[in-house]
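The block underneath contains the structure these notes are about, expressed in structure tokens.
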Amino acid sequence: MKIDRRYQLTVKQLYISMSVSIVLALILYSLLSFKATVEAEKKQLTFLNETSQALTEHSIVSADISLKLLGEALLAKGALKHPEQGRLLLDSVSDTDNTMLGYALIKENGEIALISNVKTDIKLPNIRTNLTTAKDFLKALASNHMELGRPYYFTGFKTWVLPLRVKVESVVDGVLETAIMSAGMKLKNNKIVGPQIKFQPWQTLMVIHESGYPLLILPSKKTDKEMYGSKVPSELLLNLKSHKAESGIFYFKYQGIWQIAHYIKEKHYGLTSVVLEPLSRLMINFIERIYLVFILVFVVTLMVIYLLRQMRTSRLRYEKSLYKHVNHDSLTNLYNRFYFKNNVNEIILADTLREKRFFILFLDLDYFKKINDNFGHEVGDQVLQELGKRLLKLVKNGEVVARQGGDEFIMLKEFYGTEKNLINFIKTVIKEVCRPIILGNKSLSVCTSIGVSRYPRNGHTAASLLGCSDIALYRAKENGRSQFVFYSDDIKAKMTRHLEIENALEWALQHNEISVVLQPQQWVKTGEIVGVEALVRWNSATLGFVGPDEFIPIAEAAGKVSNIDHFVMKRAVSMVSRVSKKIGRELHLSVNISAKILLEKEFPQQIKALLELTGFEAGQLNVELTETAVLTGFDVAKNQLDKIRNLGVGISMDDFGTGYSSLTYLHSLPATELKIDRSFISDMLIDATDASLTRSIIDMGHGLNLEVVAEGVEVQEQYDLVKEYNCDLVQGYFIARPLSEVDLLAFLQSREII
């Protein structure tokens, strides 16, 4: 299905504008984020280095103070002149502080007066004259604060130490004594310098002596000798030398990797603290800062794209759903009548030369209502679904099967070969539909009647062809179900007449076109007119006279026969009441009723109400009904007839002898009268069998204590014969035609005079 091009352009423009906006926003955000990341990294490095430098300085200052206090204490004890007087104190301090070793008190001339943990008989070097230590010794003598020497490996203790020398002075016996207090700070496992600082794996802390040798490298995978025995990278030293400020940040390249470094230069002890990390880490931090936003933007973008696609997909799905809803039946999933009509019209429109040939089959299921009534609509729906599948298997490409609605289906069948082929196909359709349907443990059976129309003979539109098929279907059902009929003009004429009568019936009831006539019934033994039968007549202003044999079946099919029954009964009761009063004696009245009104629950009560309203005696009234009316719903019908009979109203079985079950059910019904069908009376003079059957019916009726009426007596010979058979009542043209109320009164009065 196609989408409007304007809709496609709008979506494309939206994609482009959204993409450009997102790219520009991300570029701006990236620039700002990168700047923020650089600033954050600088702040972090500065904080780490300042904290580390403070802790390092604290450790050095503490050592400075400790050495001065120790030296002054030793001088006070006279350890310069009498070393053994300070031995106990020096060894005690040495044993207590495991971060320091090699405590020594050195005279101004460089001689070692006292040293911890070393035997006194060992010859010790002169610190002032020794080339390795002279420079630092003299520097310490000239300084007011502790001097740090270059780290070296202390062989005696097998560890790397940082030489510490501080000048100490004390007045002893009135004389100012000056000395150098020296010690070695252990560098390995030192927990004083920078222990509280937690560095990331990619960050490095260096505390560098002014000689270029490191005092501390954290973290480090190097050996002690590699760490303390060689200077830090020259690139770093050159950068530190080039930066004159006490602290700052610089970038340098080391072993092909760019680093960012923060430094702090300590002016008293000649130490420089440096924290550095690879610039790549800055980029990682930058990525970590922005990646969530990028992911979020990416996700949001995907969601927007997804929503736009969903909008497009939803539109397509909606159009497809709408197409299916408009063109398919939701229950069977077959095409519906709207698609079928459009498809047929498209085929006809394309057939400009009228060369195409096809047939429209209109199917209506027979007795489907019984399945719904007996098993429920759910089972009925399953039956329709199964039949839809069966019908679908019968059509080829280019042919269509659809559900018209309810229990009706329609098929478009291409014409191949001869009409005989089509007839065989139709028989196959009927056979498939009539095949039992198995649902669970139920075996259900339905059949179908089919009306067939042909293109182009019967029409040039889908509507006209379906109309013709429908008309043919109606005739097929009249022919006895499970039949098929091809449409013809004769069928159309009859159907048109049927529709005209059906449409005019309502008007007739409302405008008094329906009338009642009364046909006299004569008691055979006395020749007296004892009753009448009410017959309905219709003289239409548009259709002319319409006989009851024509319009009553149509009224039954249209559901209007109950209105006619009520009208006839009320009118006939009124007419016979008036005539009876005028002739001074009661006349019996027989009124025909349909199966529909008999099965209405209120009907017995309505008869009772009518009798009470008019004062008509119940014994005067007979209701006539056919065997078919009783068999429509025998149990309900019998119950209704029992109630009517209990009112005192007579029950007459009309057209007796034509039903296949007459004798079977007759003894179960509260009948008071039998009416022999006119077909027996009309032929009994020429057909001995009919005469014999007529006599048998009369004898059987008498045997059941029923009065017997022979209707349709037209001539004297028929009258004489039924009289000979001891028939009780006769009715027919031989006695009198059906008469109006006025004519009946005149007829009765004339017979009274005679």
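Ordering of the structure tokens sets the chain letters (A, B, ...), residue numbers begin anew at 1 in every chain, and ligands are numbered from 1 in the order given.
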With the cut-off set at 12 Å and counting only C-alpha atoms, tabulate each residue of segment 42-99 of chain A with an atom at most that distance from an atom of segment 279-293 of chain A, showing the nearest atom pair and its distance in Å to one decimal, ordered by chain and increasing number, as a Markdown table.
```
| residue | atom | partner | partner_atom | distance |
| --- | --- | --- | --- | --- |
| A:Lys42 | CA | A:Leu282 | CA | 9.9 |
| A:Gln44 | CA | A:Leu282 | CA | 11.3 |
| A:Leu45 | CA | A:Leu282 | CA | 11.4 |
```
Item to complete: Output as a count of residues only all residues of segment 544-725 of chain A that backbone DSSP marks as strand (DSSP E or B).
Response: 30
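The shell of residues at most 8 Å from segment 542-558 of chain A, with only C-alpha atoms counted and near chain neighbours (fewer than 5 positions) removed, consists of A:His498, A:Ile501, A:Glu502, A:Leu505, A:Val536, A:Arg537, A:Lys596.
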Worksheet item: Out of A:His702, A:Arg309, A:Lys601, A:Lys477, which residue has the shortest atom-to-atom distance to Leu14 of chain A when counting only C-alpha atoms?
Response: A:Arg309
So which residues touch Gly388 of chain A within 10 Å, counting only C-alpha atoms, skipping near sequence neighbours fewer than 2 positions away, as a PDB file with all heavy atoms, in the first residue's frame?
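Dumped to around_20.pdb:
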```pdb
ATOM      1  N   LEU A 331     -15.295 -13.519  11.247  1.00  0.00           N
ATOM      2  CA  LEU A 331     -15.538 -14.867  11.783  1.00  0.00           C
ATOM      3  C   LEU A 331     -14.842 -15.939  10.943  1.00  0.00           C
ATOM      4  O   LEU A 331     -14.104 -16.777  11.465  1.00  0.00           O
ATOM      5  CB  LEU A 331     -17.047 -15.144  11.848  1.00  0.00           C
ATOM      6  CG  LEU A 331     -17.444 -16.539  12.324  1.00  0.00           C
ATOM      7  CD1 LEU A 331     -16.959 -16.767  13.752  1.00  0.00           C
ATOM      8  CD2 LEU A 331     -18.947 -16.741  12.221  1.00  0.00           C
ATOM      9  N   THR A 332     -15.057 -15.922   9.641  1.00  0.00           N
ATOM     10  CA  THR A 332     -14.543 -16.989   8.769  1.00  0.00           C
ATOM     11  C   THR A 332     -13.220 -16.626   8.101  1.00  0.00           C
ATOM     12  O   THR A 332     -12.569 -17.485   7.517  1.00  0.00           O
ATOM     13  CB  THR A 332     -15.564 -17.298   7.670  1.00  0.00           C
ATOM     14  OG1 THR A 332     -15.771 -16.113   6.879  1.00  0.00           O
ATOM     15  CG2 THR A 332     -16.898 -17.731   8.276  1.00  0.00           C
ATOM     16  N   ASN A 333     -12.836 -15.336   8.175  1.00  0.00           N
ATOM     17  CA  ASN A 333     -11.629 -14.828   7.515  1.00  0.00           C
ATOM     18  C   ASN A 333     -11.740 -14.882   5.996  1.00  0.00           C
ATOM     19  O   ASN A 333     -10.744 -14.720   5.293  1.00  0.00           O
ATOM     20  CB  ASN A 333     -10.370 -15.569   7.983  1.00  0.00           C
ATOM     21  CG  ASN A 333      -9.131 -14.688   7.895  1.00  0.00           C
ATOM     22  OD1 ASN A 333      -9.214 -13.474   8.061  1.00  0.00           O
ATOM     23  ND2 ASN A 333      -8.006 -15.287   7.611  1.00  0.00           N
ATOM     24  N   LEU A 334     -12.937 -15.128   5.495  1.00  0.00           N
ATOM     25  CA  LEU A 334     -13.175 -15.030   4.057  1.00  0.00           C
ATOM     26  C   LEU A 334     -13.366 -13.560   3.692  1.00  0.00           C
ATOM     27  O   LEU A 334     -13.518 -12.696   4.556  1.00  0.00           O
ATOM     28  CB  LEU A 334     -14.427 -15.814   3.677  1.00  0.00           C
ATOM     29  CG  LEU A 334     -14.425 -17.326   3.909  1.00  0.00           C
ATOM     30  CD1 LEU A 334     -15.811 -17.892   3.605  1.00  0.00           C
ATOM     31  CD2 LEU A 334     -13.383 -18.020   3.054  1.00  0.00           C
ATOM     32  N   GLN A 382     -18.563 -22.129  14.767  1.00  0.00           N
ATOM     33  CA  GLN A 382     -17.568 -23.135  14.357  1.00  0.00           C
ATOM     34  C   GLN A 382     -18.000 -23.828  13.065  1.00  0.00           C
ATOM     35  O   GLN A 382     -17.163 -24.148  12.209  1.00  0.00           O
ATOM     36  CB  GLN A 382     -17.377 -24.161  15.476  1.00  0.00           C
ATOM     37  CG  GLN A 382     -16.720 -23.589  16.718  1.00  0.00           C
ATOM     38  CD  GLN A 382     -16.621 -24.601  17.845  1.00  0.00           C
ATOM     39  OE1 GLN A 382     -17.009 -25.757  17.702  1.00  0.00           O
ATOM     40  NE2 GLN A 382     -16.110 -24.169  18.989  1.00  0.00           N
ATOM     41  N   VAL A 383     -19.295 -24.064  12.925  1.00  0.00           N
ATOM     42  CA  VAL A 383     -19.818 -24.670  11.694  1.00  0.00           C
ATOM     43  C   VAL A 383     -19.561 -23.735  10.506  1.00  0.00           C
ATOM     44  O   VAL A 383     -19.103 -24.174   9.439  1.00  0.00           O
ATOM     45  CB  VAL A 383     -21.323 -24.969  11.835  1.00  0.00           C
ATOM     46  CG1 VAL A 383     -21.925 -25.342  10.477  1.00  0.00           C
ATOM     47  CG2 VAL A 383     -21.543 -26.097  12.828  1.00  0.00           C
ATOM     48  N   LEU A 384     -19.830 -22.449  10.689  1.00  0.00           N
ATOM     49  CA  LEU A 384     -19.598 -21.485   9.613  1.00  0.00           C
ATOM     50  C   LEU A 384     -18.121 -21.422   9.236  1.00  0.00           C
ATOM     51  O   LEU A 384     -17.772 -21.328   8.060  1.00  0.00           O
ATOM     52  CB  LEU A 384     -20.089 -20.100  10.044  1.00  0.00           C
ATOM     53  CG  LEU A 384     -21.603 -19.933  10.216  1.00  0.00           C
ATOM     54  CD1 LEU A 384     -21.931 -18.561  10.766  1.00  0.00           C
ATOM     55  CD2 LEU A 384     -22.328 -20.154   8.893  1.00  0.00           C
ATOM     56  N   GLN A 385     -17.248 -21.477  10.231  1.00  0.00           N
ATOM     57  CA  GLN A 385     -15.808 -21.452   9.962  1.00  0.00           C
ATOM     58  C   GLN A 385     -15.378 -22.679   9.159  1.00  0.00           C
ATOM     59  O   GLN A 385     -14.587 -22.571   8.213  1.00  0.00           O
ATOM     60  CB  GLN A 385     -15.038 -21.378  11.286  1.00  0.00           C
ATOM     61  CG  GLN A 385     -15.180 -20.031  11.991  1.00  0.00           C
ATOM     62  CD  GLN A 385     -14.638 -20.060  13.409  1.00  0.00           C
ATOM     63  OE1 GLN A 385     -14.415 -21.122  13.973  1.00  0.00           O
ATOM     64  NE2 GLN A 385     -14.436 -18.886  13.996  1.00  0.00           N
ATOM     65  N   GLU A 386     -15.890 -23.841   9.542  1.00  0.00           N
ATOM     66  CA  GLU A 386     -15.532 -25.071   8.824  1.00  0.00           C
ATOM     67  C   GLU A 386     -16.055 -25.026   7.387  1.00  0.00           C
ATOM     68  O   GLU A 386     -15.341 -25.403   6.446  1.00  0.00           O
ATOM     69  CB  GLU A 386     -16.116 -26.275   9.563  1.00  0.00           C
ATOM     70  CG  GLU A 386     -15.975 -27.605   8.826  1.00  0.00           C
ATOM     71  CD  GLU A 386     -14.535 -28.007   8.557  1.00  0.00           C
ATOM     72  OE1 GLU A 386     -13.629 -27.531   9.282  1.00  0.00           O
ATOM     73  OE2 GLU A 386     -14.306 -28.790   7.618  1.00  0.00           O
ATOM     74  N   ARG A 390     -14.058 -25.209   3.690  1.00  0.00           N
ATOM     75  CA  ARG A 390     -14.406 -26.159   2.624  1.00  0.00           C
ATOM     76  C   ARG A 390     -14.656 -25.440   1.308  1.00  0.00           C
ATOM     77  O   ARG A 390     -14.188 -25.877   0.249  1.00  0.00           O
ATOM     78  CB  ARG A 390     -15.643 -26.963   3.028  1.00  0.00           C
ATOM     79  CG  ARG A 390     -15.417 -27.904   4.199  1.00  0.00           C
ATOM     80  CD  ARG A 390     -16.676 -28.722   4.481  1.00  0.00           C
ATOM     81  NE  ARG A 390     -16.516 -29.573   5.658  1.00  0.00           N
ATOM     82  CZ  ARG A 390     -17.462 -30.415   6.087  1.00  0.00           C
ATOM     83  NH1 ARG A 390     -18.618 -30.499   5.449  1.00  0.00           N
ATOM     84  NH2 ARG A 390     -17.258 -31.145   7.159  1.00  0.00           N
ATOM     85  N   LEU A 391     -15.403 -24.351   1.386  1.00  0.00           N
ATOM     86  CA  LEU A 391     -15.715 -23.611   0.159  1.00  0.00           C
ATOM     87  C   LEU A 391     -14.457 -23.001  -0.447  1.00  0.00           C
ATOM     88  O   LEU A 391     -14.316 -22.945  -1.668  1.00  0.00           O
ATOM     89  CB  LEU A 391     -16.744 -22.516   0.461  1.00  0.00           C
ATOM     90  CG  LEU A 391     -18.140 -23.003   0.879  1.00  0.00           C
ATOM     91  CD1 LEU A 391     -19.019 -21.825   1.274  1.00  0.00           C
ATOM     92  CD2 LEU A 391     -18.800 -23.800  -0.245  1.00  0.00           C
ATOM     93  N   LEU A 392     -13.550 -22.551   0.421  1.00  0.00           N
ATOM     94  CA  LEU A 392     -12.323 -21.924  -0.062  1.00  0.00           C
ATOM     95  C   LEU A 392     -11.478 -22.916  -0.862  1.00  0.00           C
ATOM     96  O   LEU A 392     -10.782 -22.531  -1.813  1.00  0.00           O
ATOM     97  CB  LEU A 392     -11.527 -21.378   1.126  1.00  0.00           C
ATOM     98  CG  LEU A 392     -10.424 -20.362   0.813  1.00  0.00           C
ATOM     99  CD1 LEU A 392     -10.999 -19.142   0.106  1.00  0.00           C
ATOM    100  CD2 LEU A 392      -9.725 -19.937   2.090  1.00  0.00           C
ATOM    101  N   LYS A 393     -11.534 -24.188  -0.484  1.00  0.00           N
ATOM    102  CA  LYS A 393     -10.752 -25.207  -1.190  1.00  0.00           C
ATOM    103  C   LYS A 393     -11.310 -25.496  -2.589  1.00  0.00           C
ATOM    104  O   LYS A 393     -10.619 -26.100  -3.411  1.00  0.00           O
ATOM    105  CB  LYS A 393     -10.728 -26.493  -0.372  1.00  0.00           C
ATOM    106  CG  LYS A 393      -9.934 -26.390   0.928  1.00  0.00           C
ATOM    107  CD  LYS A 393      -9.982 -27.687   1.708  1.00  0.00           C
ATOM    108  CE  LYS A 393      -9.198 -27.587   3.010  1.00  0.00           C
ATOM    109  NZ  LYS A 393      -9.269 -28.848   3.800  1.00  0.00           N
ATOM    110  N   VAL A 401     -14.595 -16.668  -2.978  1.00  0.00           N
ATOM    111  CA  VAL A 401     -15.679 -17.091  -2.097  1.00  0.00           C
ATOM    112  C   VAL A 401     -15.727 -16.093  -0.945  1.00  0.00           C
ATOM    113  O   VAL A 401     -14.691 -15.680  -0.418  1.00  0.00           O
ATOM    114  CB  VAL A 401     -15.474 -18.534  -1.576  1.00  0.00           C
ATOM    115  CG1 VAL A 401     -14.150 -18.680  -0.848  1.00  0.00           C
ATOM    116  CG2 VAL A 401     -16.613 -18.946  -0.657  1.00  0.00           C
ATOM    117  N   ALA A 402     -16.918 -15.660  -0.587  1.00  0.00           N
ATOM    118  CA  ALA A 402     -17.075 -14.641   0.456  1.00  0.00           C
ATOM    119  C   ALA A 402     -18.288 -14.983   1.306  1.00  0.00           C
ATOM    120  O   ALA A 402     -19.159 -15.771   0.906  1.00  0.00           O
ATOM    121  CB  ALA A 402     -17.243 -13.253  -0.168  1.00  0.00           C
ATOM    122  N   ARG A 403     -18.291 -14.388   2.484  1.00  0.00           N
ATOM    123  CA  ARG A 403     -19.467 -14.553   3.350  1.00  0.00           C
ATOM    124  C   ARG A 403     -20.373 -13.348   3.164  1.00  0.00           C
ATOM    125  O   ARG A 403     -19.967 -12.211   3.384  1.00  0.00           O
ATOM    126  CB  ARG A 403     -19.042 -14.662   4.817  1.00  0.00           C
ATOM    127  CG  ARG A 403     -20.221 -14.963   5.741  1.00  0.00           C
ATOM    128  CD  ARG A 403     -19.794 -15.007   7.186  1.00  0.00           C
ATOM    129  NE  ARG A 403     -20.916 -15.233   8.074  1.00  0.00           N
ATOM    130  CZ  ARG A 403     -20.950 -14.851   9.333  1.00  0.00           C
ATOM    131  NH1 ARG A 403     -19.901 -14.235   9.866  1.00  0.00           N
ATOM    132  NH2 ARG A 403     -22.008 -15.092  10.086  1.00  0.00           N
ATOM    133  N   PHE A 409     -23.388 -17.485   1.913  1.00  0.00           N
ATOM    134  CA  PHE A 409     -22.088 -17.343   1.256  1.00  0.00           C
ATOM    135  C   PHE A 409     -22.315 -17.014  -0.214  1.00  0.00           C
ATOM    136  O   PHE A 409     -23.362 -17.361  -0.788  1.00  0.00           O
ATOM    137  CB  PHE A 409     -21.270 -18.630   1.372  1.00  0.00           C
ATOM    138  CG  PHE A 409     -20.903 -19.006   2.775  1.00  0.00           C
ATOM    139  CD1 PHE A 409     -21.755 -19.779   3.550  1.00  0.00           C
ATOM    140  CD2 PHE A 409     -19.705 -18.582   3.324  1.00  0.00           C
ATOM    141  CE1 PHE A 409     -21.428 -20.121   4.846  1.00  0.00           C
ATOM    142  CE2 PHE A 409     -19.360 -18.923   4.614  1.00  0.00           C
ATOM    143  CZ  PHE A 409     -20.220 -19.692   5.385  1.00  0.00           C
ATOM    144  N   VAL A 433     -20.856 -29.121   1.367  1.00  0.00           N
ATOM    145  CA  VAL A 433     -21.559 -28.461   2.472  1.00  0.00           C
ATOM    146  C   VAL A 433     -22.354 -29.478   3.286  1.00  0.00           C
ATOM    147  O   VAL A 433     -22.412 -29.409   4.521  1.00  0.00           O
ATOM    148  CB  VAL A 433     -22.472 -27.344   1.947  1.00  0.00           C
ATOM    149  CG1 VAL A 433     -23.327 -26.762   3.068  1.00  0.00           C
ATOM    150  CG2 VAL A 433     -21.640 -26.236   1.302  1.00  0.00           C
TER     151      VAL A 433
END
```
Worksheet item: Could you name the residues that touch segment 418-423 of chain A at 12 Å or less, counting only C-alpha atoms, but leaving out those on the same chain fewer than 3 positions away, as a list in words?
Response: Arg357, Phe358, Phe359, Ile360, Leu361, Leu412, Lys413, Glu414, Phe415, Ile426, Lys427, Thr428, Val429, Ile430, Ile450, Gly451, Val452, Ser453, Arg454, Gln483, Phe484, Val485 and Phe486 of chain A
Next, the residues of the selection above should be written as a PDB file, in the first residue's frame with N, CA, C and O atoms.
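Wrote result24.pdb, looks like this:
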```pdb
ATOM      1  N   ARG A 357     -16.932 -14.539 -19.129  1.00  0.00           N
ATOM      2  CA  ARG A 357     -18.099 -15.288 -18.666  1.00  0.00           C
ATOM      3  C   ARG A 357     -17.820 -15.797 -17.255  1.00  0.00           C
ATOM      4  O   ARG A 357     -16.791 -16.410 -16.991  1.00  0.00           O
ATOM      5  N   PHE A 358     -18.746 -15.505 -16.354  1.00  0.00           N
ATOM      6  CA  PHE A 358     -18.633 -16.084 -15.010  1.00  0.00           C
ATOM      7  C   PHE A 358     -20.019 -16.183 -14.387  1.00  0.00           C
ATOM      8  O   PHE A 358     -21.001 -15.611 -14.891  1.00  0.00           O
ATOM      9  N   PHE A 359     -20.098 -16.930 -13.296  1.00  0.00           N
ATOM     10  CA  PHE A 359     -21.359 -17.171 -12.601  1.00  0.00           C
ATOM     11  C   PHE A 359     -21.239 -16.686 -11.152  1.00  0.00           C
ATOM     12  O   PHE A 359     -20.165 -16.732 -10.545  1.00  0.00           O
ATOM     13  N   ILE A 360     -22.338 -16.236 -10.609  1.00  0.00           N
ATOM     14  CA  ILE A 360     -22.425 -15.880  -9.191  1.00  0.00           C
ATOM     15  C   ILE A 360     -23.310 -16.917  -8.502  1.00  0.00           C
ATOM     16  O   ILE A 360     -24.469 -17.106  -8.892  1.00  0.00           O
ATOM     17  N   LEU A 361     -22.746 -17.597  -7.510  1.00  0.00           N
ATOM     18  CA  LEU A 361     -23.491 -18.587  -6.739  1.00  0.00           C
ATOM     19  C   LEU A 361     -23.841 -17.986  -5.381  1.00  0.00           C
ATOM     20  O   LEU A 361     -22.962 -17.520  -4.657  1.00  0.00           O
ATOM     21  N   LEU A 412     -17.828 -16.497  -6.755  1.00  0.00           N
ATOM     22  CA  LEU A 412     -17.642 -16.125  -8.154  1.00  0.00           C
ATOM     23  C   LEU A 412     -16.937 -17.299  -8.827  1.00  0.00           C
ATOM     24  O   LEU A 412     -15.822 -17.662  -8.451  1.00  0.00           O
ATOM     25  N   LYS A 413     -17.589 -17.884  -9.810  1.00  0.00           N
ATOM     26  CA  LYS A 413     -17.055 -19.051 -10.499  1.00  0.00           C
ATOM     27  C   LYS A 413     -16.817 -18.716 -11.965  1.00  0.00           C
ATOM     28  O   LYS A 413     -17.734 -18.304 -12.681  1.00  0.00           O
ATOM     29  N   GLU A 414     -15.555 -18.864 -12.392  1.00  0.00           N
ATOM     30  CA  GLU A 414     -15.230 -18.654 -13.801  1.00  0.00           C
ATOM     31  C   GLU A 414     -15.913 -19.730 -14.650  1.00  0.00           C
ATOM     32  O   GLU A 414     -16.103 -20.862 -14.202  1.00  0.00           O
ATOM     33  N   PHE A 415     -16.266 -19.331 -15.890  1.00  0.00           N
ATOM     34  CA  PHE A 415     -16.929 -20.293 -16.777  1.00  0.00           C
ATOM     35  C   PHE A 415     -15.881 -21.034 -17.598  1.00  0.00           C
ATOM     36  O   PHE A 415     -15.103 -20.423 -18.330  1.00  0.00           O
ATOM     37  N   ILE A 426     -21.509 -27.192  -9.012  1.00  0.00           N
ATOM     38  CA  ILE A 426     -22.532 -26.836  -8.019  1.00  0.00           C
ATOM     39  C   ILE A 426     -22.904 -28.053  -7.179  1.00  0.00           C
ATOM     40  O   ILE A 426     -23.062 -27.959  -5.950  1.00  0.00           O
ATOM     41  N   LYS A 427     -23.026 -29.189  -7.821  1.00  0.00           N
ATOM     42  CA  LYS A 427     -23.337 -30.417  -7.073  1.00  0.00           C
ATOM     43  C   LYS A 427     -22.210 -30.751  -6.090  1.00  0.00           C
ATOM     44  O   LYS A 427     -22.469 -31.241  -4.977  1.00  0.00           O
ATOM     45  N   THR A 428     -20.969 -30.489  -6.522  1.00  0.00           N
ATOM     46  CA  THR A 428     -19.830 -30.714  -5.615  1.00  0.00           C
ATOM     47  C   THR A 428     -19.910 -29.791  -4.406  1.00  0.00           C
ATOM     48  O   THR A 428     -19.635 -30.199  -3.269  1.00  0.00           O
ATOM     49  N   VAL A 429     -20.297 -28.532  -4.664  1.00  0.00           N
ATOM     50  CA  VAL A 429     -20.447 -27.575  -3.558  1.00  0.00           C
ATOM     51  C   VAL A 429     -21.495 -28.074  -2.568  1.00  0.00           C
ATOM     52  O   VAL A 429     -21.281 -28.086  -1.346  1.00  0.00           O
ATOM     53  N   ILE A 430     -22.651 -28.496  -3.080  1.00  0.00           N
ATOM     54  CA  ILE A 430     -23.722 -28.992  -2.205  1.00  0.00           C
ATOM     55  C   ILE A 430     -23.245 -30.219  -1.433  1.00  0.00           C
ATOM     56  O   ILE A 430     -23.493 -30.363  -0.224  1.00  0.00           O
ATOM     57  N   ILE A 450     -28.904 -23.153  -3.449  1.00  0.00           N
ATOM     58  CA  ILE A 450     -28.039 -22.259  -4.227  1.00  0.00           C
ATOM     59  C   ILE A 450     -28.833 -21.608  -5.354  1.00  0.00           C
ATOM     60  O   ILE A 450     -29.552 -22.288  -6.095  1.00  0.00           O
ATOM     61  N   GLY A 451     -28.677 -20.291  -5.445  1.00  0.00           N
ATOM     62  CA  GLY A 451     -29.207 -19.556  -6.582  1.00  0.00           C
ATOM     63  C   GLY A 451     -28.064 -19.109  -7.463  1.00  0.00           C
ATOM     64  O   GLY A 451     -27.021 -18.679  -6.956  1.00  0.00           O
ATOM     65  N   VAL A 452     -28.228 -19.218  -8.779  1.00  0.00           N
ATOM     66  CA  VAL A 452     -27.127 -18.963  -9.709  1.00  0.00           C
ATOM     67  C   VAL A 452     -27.547 -17.907 -10.729  1.00  0.00           C
ATOM     68  O   VAL A 452     -28.634 -17.995 -11.318  1.00  0.00           O
ATOM     69  N   SER A 453     -26.663 -16.899 -10.924  1.00  0.00           N
ATOM     70  CA  SER A 453     -26.868 -15.926 -12.000  1.00  0.00           C
ATOM     71  C   SER A 453     -25.640 -15.927 -12.899  1.00  0.00           C
ATOM     72  O   SER A 453     -24.563 -16.364 -12.488  1.00  0.00           O
ATOM     73  N   ARG A 454     -25.794 -15.434 -14.138  1.00  0.00           N
ATOM     74  CA  ARG A 454     -24.705 -15.497 -15.112  1.00  0.00           C
ATOM     75  C   ARG A 454     -24.398 -14.102 -15.649  1.00  0.00           C
ATOM     76  O   ARG A 454     -25.306 -13.292 -15.847  1.00  0.00           O
ATOM     77  N   GLN A 483     -31.272 -27.687  -3.123  1.00  0.00           N
ATOM     78  CA  GLN A 483     -31.483 -27.589  -4.566  1.00  0.00           C
ATOM     79  C   GLN A 483     -30.713 -26.388  -5.102  1.00  0.00           C
ATOM     80  O   GLN A 483     -30.266 -25.521  -4.342  1.00  0.00           O
ATOM     81  N   PHE A 484     -30.572 -26.313  -6.422  1.00  0.00           N
ATOM     82  CA  PHE A 484     -29.995 -25.134  -7.047  1.00  0.00           C
ATOM     83  C   PHE A 484     -30.868 -24.739  -8.225  1.00  0.00           C
ATOM     84  O   PHE A 484     -31.480 -25.585  -8.897  1.00  0.00           O
ATOM     85  N   VAL A 485     -30.955 -23.441  -8.442  1.00  0.00           N
ATOM     86  CA  VAL A 485     -31.807 -22.911  -9.505  1.00  0.00           C
ATOM     87  C   VAL A 485     -31.046 -21.804 -10.220  1.00  0.00           C
ATOM     88  O   VAL A 485     -30.436 -20.946  -9.571  1.00  0.00           O
ATOM     89  N   PHE A 486     -31.092 -21.840 -11.568  1.00  0.00           N
ATOM     90  CA  PHE A 486     -30.530 -20.769 -12.375  1.00  0.00           C
ATOM     91  C   PHE A 486     -31.579 -19.670 -12.554  1.00  0.00           C
ATOM     92  O   PHE A 486     -32.760 -19.954 -12.753  1.00  0.00           O
TER      93      PHE A 486
END
```
Discussion item. Give me, as a PyMOL selection string, all polymer residues having an atom no more than 10 Å from Arg150 of chain A, counting only C-alpha atoms and skipping those fewer than 6 positions away in the same chain.
Written reply: chain A and resi 133+136+161-164+209-215+228-229
Worksheet item: Contacts of segment 85-98 of chain A at 6 Å or less, counting only C-alpha atoms, minus same-chain residues fewer than 6 places along, as a PyMOL selection string?
Response: chain A and resi 74+79+116
Could the residues in this selection be written to a file with C-alpha atoms, as a PDB file, in the first residue's frame?
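The result, written out as out_30.pdb:
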```
ATOM      1  CA  LEU A  74      73.508  13.698  73.480  1.00  0.00           C
ATOM      2  CA  ALA A  79      78.740  12.517  74.442  1.00  0.00           C
ATOM      3  CA  SER A 116      74.379   3.355  66.971  1.00  0.00           C
TER       4      SER A 116
END
```
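When only C-alpha atoms are used to compute distances to Ile651 of chain A, the closest of the residues A:Leu176, A:Ser30, A:Asn592, A:Leu721 turns out to be A:Asn592.
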Worksheet item: Among segment 363-528 of chain A, which residues carry a DSSP assignment of helix (DSSP H, G or I), reported as number ranges by chain?
Response: A: 368-375, 377-394, 419-434, 462-478, 489-510
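The space between atom CA of His511 of chain A and atom CA of Glu600 of chain A spans 25.5 Å.
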Please build the interface table for segment 247-312 of chain A against segment 18-29 of chain A with a cut-off of 10 Å, listing for each qualifying residue the nearest atom pair and the distance in Å to one decimal; count only C-alpha atoms, order rows by chain and increasing number, and write it as a Markdown table.
```
| residue | atom | partner | partner_atom | distance |
| --- | --- | --- | --- | --- |
| A:Ile290 | CA | A:Tyr29 | CA | 8.3 |
| A:Val293 | CA | A:Leu26 | CA | 8.9 |
| A:Phe294 | CA | A:Leu26 | CA | 7.7 |
| A:Val297 | CA | A:Ile22 | CA | 7.9 |
| A:Phe298 | CA | A:Ile22 | CA | 9.4 |
| A:Thr301 | CA | A:Ile22 | CA | 8.5 |
| A:Val304 | CA | A:Met18 | CA | 9.4 |
| A:Ile305 | CA | A:Met18 | CA | 9.8 |
```
